[in-house]
Every structure is written in structure tokens, then in C-alpha cells.
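Structure, as C-alpha cells:
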There are 2 protein chains.
Amino acid sequence: MVIDDVRWLDEQEMAAWHSFVVSGMHLFAALDRDLRDSLDLTLLDHGILLMLCNTPEGLTMGHLAQQFGTEASVITYRIQRMESRGLAVRHRNRRDRRLVAATITPAGESMCNAAGPVHVASVRRHFMDHVPRSALPVIAKVFSGIYTAQNET
Amino acid sequence: MVIDDVRWLDEQEMAAWHSFVVSGMHLFAALDRDLRDSLDLTLLDHGILLMLCNTPEGLTMGHLAQQFGTEASVITYRIQRMESRGLAVRHRNRRDRRLVAATITPAGESMCNAAGPVHVASVRRHFMDHVPRSALPVIAKVFSGIYTAQNET
DNA sequence: GGAGAGTTCTTCGAATTTCAAGGATCTCCG
DNA sequence: CGGAGATCCTTGAAATTCGAAGAACTCTCC
């Protein structure tokens, strides 16, 4: 990446950015810790489980990797682990035999249901309880905008 | 953690939360990738380097760990790595010999200066360019509120 | 029908993080 | 003083993640 001349962050940008990064790091660490401690699930595991729960027909590794912005190999590993715990199963697609779809099992659904309350409590305690309701629409708008930008080009 | 009855997220909360987690994961991954690719620095490394730069008298491992919400052993490892690259040095505190303070070196400062433009460009591209200026005060307020809450009790 | 290019997933070694245990030092109180 | 308990950092082993390379497969075009 070549940078001709830098446009540094001004004071207002810096205030927003700095508080976001630092508290974001803490936040993700805390959410992860809570899920690990109580259910031996990563934050990523939980996200995957949720998506599988909402998609009975299954999801491919690539789709999941893309969804969470991780390397494909991380998904492979996570799904293998879930499979060995009986939370998900994999099978190759008949049409395109390169594709592998992961599907949730009944045990996976129970796990997902068990994780729900724990995770929601965690989210409230570490995040939602400290965000005034008036800020919610702004947050939603800003981050969905960022999300959209991430999935372009 | 015991949960009597769950207060699920309502639609507005969900919209804010979901967009935040998903794009947050992508965002941190992208910032990390950019710094790694160009300077072989982790996002965490860069944060540490910045703090050391602003604190010539040095910082203890514990302070750094607390600052970023990581395990102490992670900081030990990161600082060791930096030390082997000549970016920082460590020395025991005279008063309290349990404490180890990390201090930045001239090479560390150059690295920090080199990282600045790269990181700022990364932040702009992945974050700031997609946030309207009017949202900045809200972001700053919300996340510094979360940060404050994280460092209580 | 088959060569070549692109896609999708897995595997592997290296780097990183976690977790539990341990060593050194300090503080406090009898 | 002297020892119990707390604090701070490091270490080692296991789990996880990264990134590159490879295997299996599909698609396109001649």
C-alpha cells in the first residue's frame, strides 16, 4: 500500500476511533470468555451455530468464512470440532462435489438454545446496558453501512 | 452465571447489535491483516507500540494487559517478540522487583512512525470513510461509556 | 473429450493464544 | 523477625489461528 500524504485523524475522529477500538477489543474478549466458560463455545462457534439454526438446508464452508471474515481453514477446523461434539454434520453436495454443507443436529439446536440466554445476558451486561436507546438507530446505521462496504468490490 | 428469565433483544436492539458484531469482526480482522502484511505487526502490537511511544518511562506488563483486556501471558509473549526485534526493552523495577517495565527503543519509535500512515489509511478505508461525521460524537460517547463500564467493579 | 483456468475445501507447519502452574517478590500482621 | 497470603510475571503444554500449498472438482472453450 502506497501512501502519498497522510490525512491524520482529527480530534473528533480520534475520539470516536480510539474509544471504539479499545472498548471493542475488551468487548469481544469478554463475550468470548463468557461463552467459553459456560458452554465451551467460541464467539465464532456461537455465530456459526446461530446461522446453521436459521438455515436447516445447511451452509457451505465458504459461505460461513465469508460471513465472518475469517480464513476458510478456521471454519473447517471449527466445524470439525462441532462435528466431533455432535453439534453439526457435513455432507458433500451432489451437484457440485467441491461444496461441503454443514447442517445442524438436534444436539446442536439444544446447544444453541442453551447458549441463547447466556449470550444475551453477556451482550446486555457488556454492551447493551451501557448504550442509551437513542443511540441504537445510529449504531445500526453506521455498522450496517460498514458491513455493506466490506462486502463490495 | 444464573439466568432467571431472559430479556431477549428487541428488534431495535437486535439491529444495532447484529450489525455491530458482524462488521466488528470483519473490521478487526481487516485492520490486523493490513498491519501484518505491511509491517509484520499485530493490531495488538501496534496498540502496545503506541502506548509505549506515549509513555517514555515505560509500562508494566500488567498495565498493558489490563489496557487491552488480554491475558498477561499474551503481553509477555508480544513484548518478548518486540524485544527480539529491537523495538522495545525490558527491565525490572528497582523499587518493586516483581514489576517489569517495557520501554520503547529508537527502532521502536521508527516502527511506530512507519506504522502510523499505514494504520490511519487502514482505519479510514475500513471504518472512517463509511461513518458520517454526524455520527462521530455518538460513537465516541457510546464506546467511551462502555469502556468506562469495563473498568469498574 | 479434454486441456487449462478457476473454485472449494482440507491439510500442514508456524505463529499465536489460552490455561494452569510456578517462582520471585512484596505486604501485612502477630 | 517470620510466615501467610497477595501480586506480578514467566513458562510449558495444549488449543486455536494463520497462510500457503495441495487435492478434488467444475466450467469453458476449442
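Here's how to read the names in the C-alpha cells: chain A, B, ... by the order shown, residue numbers from 1 in each chain, ligand numbers from 1 in the order shown.
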
Name the residues in contact with DC9 in chain C at a cut-off of 9 Å, using only C-alpha atoms (C1' of nucleotides), excluding same-chain residues fewer than 5 positions from it; report them as a list in words.
->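 The contact residues come out as Met61, Gly62, Ala72, Ser73, Thr76, Arg98, Leu99 and Val100 of chain A; DA24 of chain D.
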
For chain D, which residues have at least one atom within 8 Å of chain A, if we go by only C-alpha atoms (C1' of nucleotides)? Write them as number ranges by chain, please.
-> D: 17-18, 24-26

With a cut-off of 6 Å and counting only C-alpha atoms, select all residues of chain B in contact with chain A and give the selection as JSON, numbers by chain.
-> {"B": [6, 15, 16, 19, 20, 23, 26, 69, 117, 130, 131, 136, 139, 140, 142, 143, 144, 146, 147]}

Dump as an mmCIF file, in the first residue's frame, selection limited to N, CA and C atoms:
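Result file is result34.cif:
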```cif
data_model
loop_
_atom_site.group_PDB
_atom_site.id
_atom_site.type_symbol
_atom_site.label_atom_id
_atom_site.label_comp_id
_atom_site.auth_asym_id
_atom_site.auth_seq_id
_atom_site.Cartn_x
_atom_site.Cartn_y
_atom_site.Cartn_z
ATOM 1 N N VAL B 6 -35.061 -14.632 30.706
ATOM 2 C CA VAL B 6 -34.280 -13.898 29.717
ATOM 3 C C VAL B 6 -35.043 -12.697 29.183
ATOM 4 N N ALA B 15 -31.003 -5.067 15.727
ATOM 5 C CA ALA B 15 -30.456 -4.435 14.529
ATOM 6 C C ALA B 15 -29.099 -3.814 14.848
ATOM 7 N N ALA B 16 -29.039 -3.101 15.966
ATOM 8 C CA ALA B 16 -27.790 -2.457 16.346
ATOM 9 C C ALA B 16 -26.736 -3.508 16.681
ATOM 10 N N SER B 19 -25.470 -5.817 13.538
ATOM 11 C CA SER B 19 -24.582 -5.136 12.597
ATOM 12 C C SER B 19 -23.245 -4.834 13.266
ATOM 13 N N PHE B 20 -23.291 -4.527 14.542
ATOM 14 C CA PHE B 20 -22.037 -4.244 15.235
ATOM 15 C C PHE B 20 -21.127 -5.473 15.326
ATOM 16 N N SER B 23 -19.901 -6.719 11.613
ATOM 17 C CA SER B 23 -18.941 -5.835 10.948
ATOM 18 C C SER B 23 -17.727 -5.599 11.840
ATOM 19 N N HIS B 26 -15.253 -8.415 11.082
ATOM 20 C CA HIS B 26 -14.575 -8.126 9.815
ATOM 21 C C HIS B 26 -13.550 -7.020 9.989
ATOM 22 N N GLY B 69 -7.245 -5.756 27.715
ATOM 23 C CA GLY B 69 -8.172 -6.827 28.050
ATOM 24 C C GLY B 69 -7.702 -8.205 27.644
ATOM 25 N N PRO B 117 1.030 6.005 9.246
ATOM 26 C CA PRO B 117 0.325 6.213 7.978
ATOM 27 C C PRO B 117 -0.405 4.979 7.485
ATOM 28 N N HIS B 130 -16.769 5.305 6.013
ATOM 29 C CA HIS B 130 -18.166 4.874 5.921
ATOM 30 C C HIS B 130 -19.001 5.385 7.085
ATOM 31 N N VAL B 131 -18.391 6.252 7.886
ATOM 32 C CA VAL B 131 -19.107 6.811 9.024
ATOM 33 C C VAL B 131 -19.354 8.294 8.787
ATOM 34 N N LEU B 136 -20.056 10.655 14.596
ATOM 35 C CA LEU B 136 -18.838 10.526 15.395
ATOM 36 C C LEU B 136 -19.043 10.808 16.890
ATOM 37 N N ILE B 139 -20.766 7.819 18.499
ATOM 38 C CA ILE B 139 -19.837 6.694 18.633
ATOM 39 C C ILE B 139 -18.896 6.924 19.810
ATOM 40 N N ALA B 140 -18.313 8.101 19.842
ATOM 41 C CA ALA B 140 -17.354 8.405 20.903
ATOM 42 C C ALA B 140 -18.005 8.247 22.270
ATOM 43 N N VAL B 142 -20.841 6.607 23.152
ATOM 44 C CA VAL B 142 -21.269 5.232 23.451
ATOM 45 C C VAL B 142 -20.089 4.372 23.879
ATOM 46 N N PHE B 143 -19.025 4.394 23.086
ATOM 47 C CA PHE B 143 -17.943 3.461 23.367
ATOM 48 C C PHE B 143 -17.060 3.896 24.517
ATOM 49 N N SER B 144 -17.001 5.184 24.758
ATOM 50 C CA SER B 144 -16.246 5.544 25.961
ATOM 51 C C SER B 144 -17.068 5.206 27.195
ATOM 52 N N ILE B 146 -18.939 2.506 27.353
ATOM 53 C CA ILE B 146 -18.695 1.072 27.504
ATOM 54 C C ILE B 146 -17.326 0.838 28.120
ATOM 55 N N TYR B 147 -16.371 1.625 27.660
ATOM 56 C CA TYR B 147 -15.016 1.492 28.189
ATOM 57 C C TYR B 147 -14.978 1.765 29.695
#
```

Closest to chain C among B:Thr103, B:Val89, B:Ile48, B:Thr42, using only C-alpha atoms (C1' of nucleotides)?
->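 Closest candidate: B:Thr42.
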
Kindly determine which residues of chain C lie within 10 Å of chain A, considering only C-alpha atoms (C1' of nucleotides), and give the answer as a PDB file with C-alpha atoms (C1' of nucleotides), in the first residue's frame.
```pdb
ATOM      1  C1'  DT C   7     -13.406 -22.666  -7.355  1.00  0.00           C
ATOM      2  C1'  DT C   8     -13.901 -25.029  -2.907  1.00  0.00           C
ATOM      3  C1'  DC C   9     -12.331 -27.283   0.741  1.00  0.00           C
ATOM      4  C1'  DT C  10      -8.655 -29.584   3.506  1.00  0.00           C
ATOM      5  C1'  DT C  11      -4.081 -30.125   5.281  1.00  0.00           C
TER       6       DT C  11
END
```

Run DSSP on the backbone and tell me which residues of range 87-130 of chain A come out as strand (DSSP E); list them as a PDB file with N, CA and C atoms, in the first residue's frame.
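What ended up in states39.pdb:
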```pdb
ATOM      1  N   ALA A  88     -23.051 -30.721  14.746  1.00  0.00           N
ATOM      2  CA  ALA A  88     -23.299 -30.469  13.329  1.00  0.00           C
ATOM      3  C   ALA A  88     -22.838 -31.676  12.524  1.00  0.00           C
ATOM      4  N   VAL A  89     -23.303 -31.765  11.315  1.00  0.00           N
ATOM      5  CA  VAL A  89     -22.823 -32.811  10.403  1.00  0.00           C
ATOM      6  C   VAL A  89     -22.483 -32.166   9.065  1.00  0.00           C
ATOM      7  N   ARG A  90     -21.622 -32.871   8.308  1.00  0.00           N
ATOM      8  CA  ARG A  90     -21.230 -32.361   6.995  1.00  0.00           C
ATOM      9  C   ARG A  90     -21.554 -33.378   5.929  1.00  0.00           C
ATOM     10  N   HIS A  91     -21.867 -32.897   4.763  1.00  0.00           N
ATOM     11  CA  HIS A  91     -22.006 -33.806   3.628  1.00  0.00           C
ATOM     12  C   HIS A  91     -21.763 -33.045   2.349  1.00  0.00           C
ATOM     13  N   ARG A  92     -21.226 -33.767   1.397  1.00  0.00           N
ATOM     14  CA  ARG A  92     -20.901 -33.148   0.123  1.00  0.00           C
ATOM     15  C   ARG A  92     -22.167 -32.912  -0.684  1.00  0.00           C
ATOM     16  N   VAL A 100     -19.083 -28.465   0.438  1.00  0.00           N
ATOM     17  CA  VAL A 100     -19.440 -29.229   1.627  1.00  0.00           C
ATOM     18  C   VAL A 100     -20.398 -28.374   2.437  1.00  0.00           C
ATOM     19  N   ALA A 101     -21.543 -28.939   2.735  1.00  0.00           N
ATOM     20  CA  ALA A 101     -22.523 -28.177   3.509  1.00  0.00           C
ATOM     21  C   ALA A 101     -22.554 -28.681   4.944  1.00  0.00           C
ATOM     22  N   ALA A 102     -22.587 -27.782   5.874  1.00  0.00           N
ATOM     23  CA  ALA A 102     -22.735 -28.134   7.283  1.00  0.00           C
ATOM     24  C   ALA A 102     -24.197 -27.945   7.678  1.00  0.00           C
ATOM     25  N   THR A 103     -24.698 -28.905   8.417  1.00  0.00           N
ATOM     26  CA  THR A 103     -26.084 -28.844   8.880  1.00  0.00           C
ATOM     27  C   THR A 103     -26.107 -29.038  10.376  1.00  0.00           C
ATOM     28  N   ILE A 104     -27.054 -28.402  11.036  1.00  0.00           N
ATOM     29  CA  ILE A 104     -27.134 -28.528  12.478  1.00  0.00           C
ATOM     30  C   ILE A 104     -27.860 -29.823  12.856  1.00  0.00           C
TER      31      ILE A 104
END
```

Could you please write out, as a ChimeraX atom specification, every residue of range 73-134 of chain B that DSSP assigns to helix (DSSP H, G or I)?
-> /B:73-84,106-126,128-130,133-134

Counting only C-alpha atoms (C1' of nucleotides), what are the residues of chain D within 12 Å of range 18-30 of chain C, and for each of them which pair of atoms is the nearest and at what distance in Å, to one decimal? Sort the table by chain and rising number, as a Markdown table.
```
| residue | atom | partner | partner_atom | distance |
| --- | --- | --- | --- | --- |
| D:DC1 | C1' | C:DG30 | C1' | 10.6 |
| D:DG2 | C1' | C:DG30 | C1' | 9.6 |
| D:DG3 | C1' | C:DG30 | C1' | 10.0 |
| D:DA4 | C1' | C:DC28 | C1' | 9.3 |
| D:DG5 | C1' | C:DT27 | C1' | 8.9 |
| D:DA6 | C1' | C:DT27 | C1' | 7.9 |
| D:DT7 | C1' | C:DC26 | C1' | 7.6 |
| D:DC8 | C1' | C:DT25 | C1' | 8.4 |
| D:DC9 | C1' | C:DA24 | C1' | 8.9 |
| D:DT10 | C1' | C:DG23 | C1' | 8.5 |
| D:DT11 | C1' | C:DG22 | C1' | 8.1 |
| D:DG12 | C1' | C:DA21 | C1' | 9.2 |
| D:DA13 | C1' | C:DC19 | C1' | 9.3 |
| D:DA14 | C1' | C:DT18 | C1' | 8.5 |
| D:DA15 | C1' | C:DT18 | C1' | 7.3 |
| D:DT16 | C1' | C:DT18 | C1' | 8.7 |
```

Tell me which protein, DNA and RNA residues are within 9 Å of His119 in chain B, counting only C-alpha atoms (C1' of nucleotides), leaving out same-chain ones fewer than 6 positions away, and put them as a count of residues only.
-> 4

Quick one: pull the distance between CA of Arg36 in chain A and CA of Ser84 in chain A, Å, one decimal.
-> 17.1 Å

Figure out the distance between CA of His63 in chain B and CA of Leu50 in chain B, please, to one decimal in Å.
-> 13.9 Å

Would you work out the distance separating CA of Ala114 in chain B from CA of Gly86 in chain B, expressed in Å to one decimal?
-> 15.1 Å

For Leu41 in chain B, which residue out of B:Arg81, B:Leu64, B:Glu57, B:Thr105 is the nearest one, using only C-alpha atoms?
-> B:Arg81
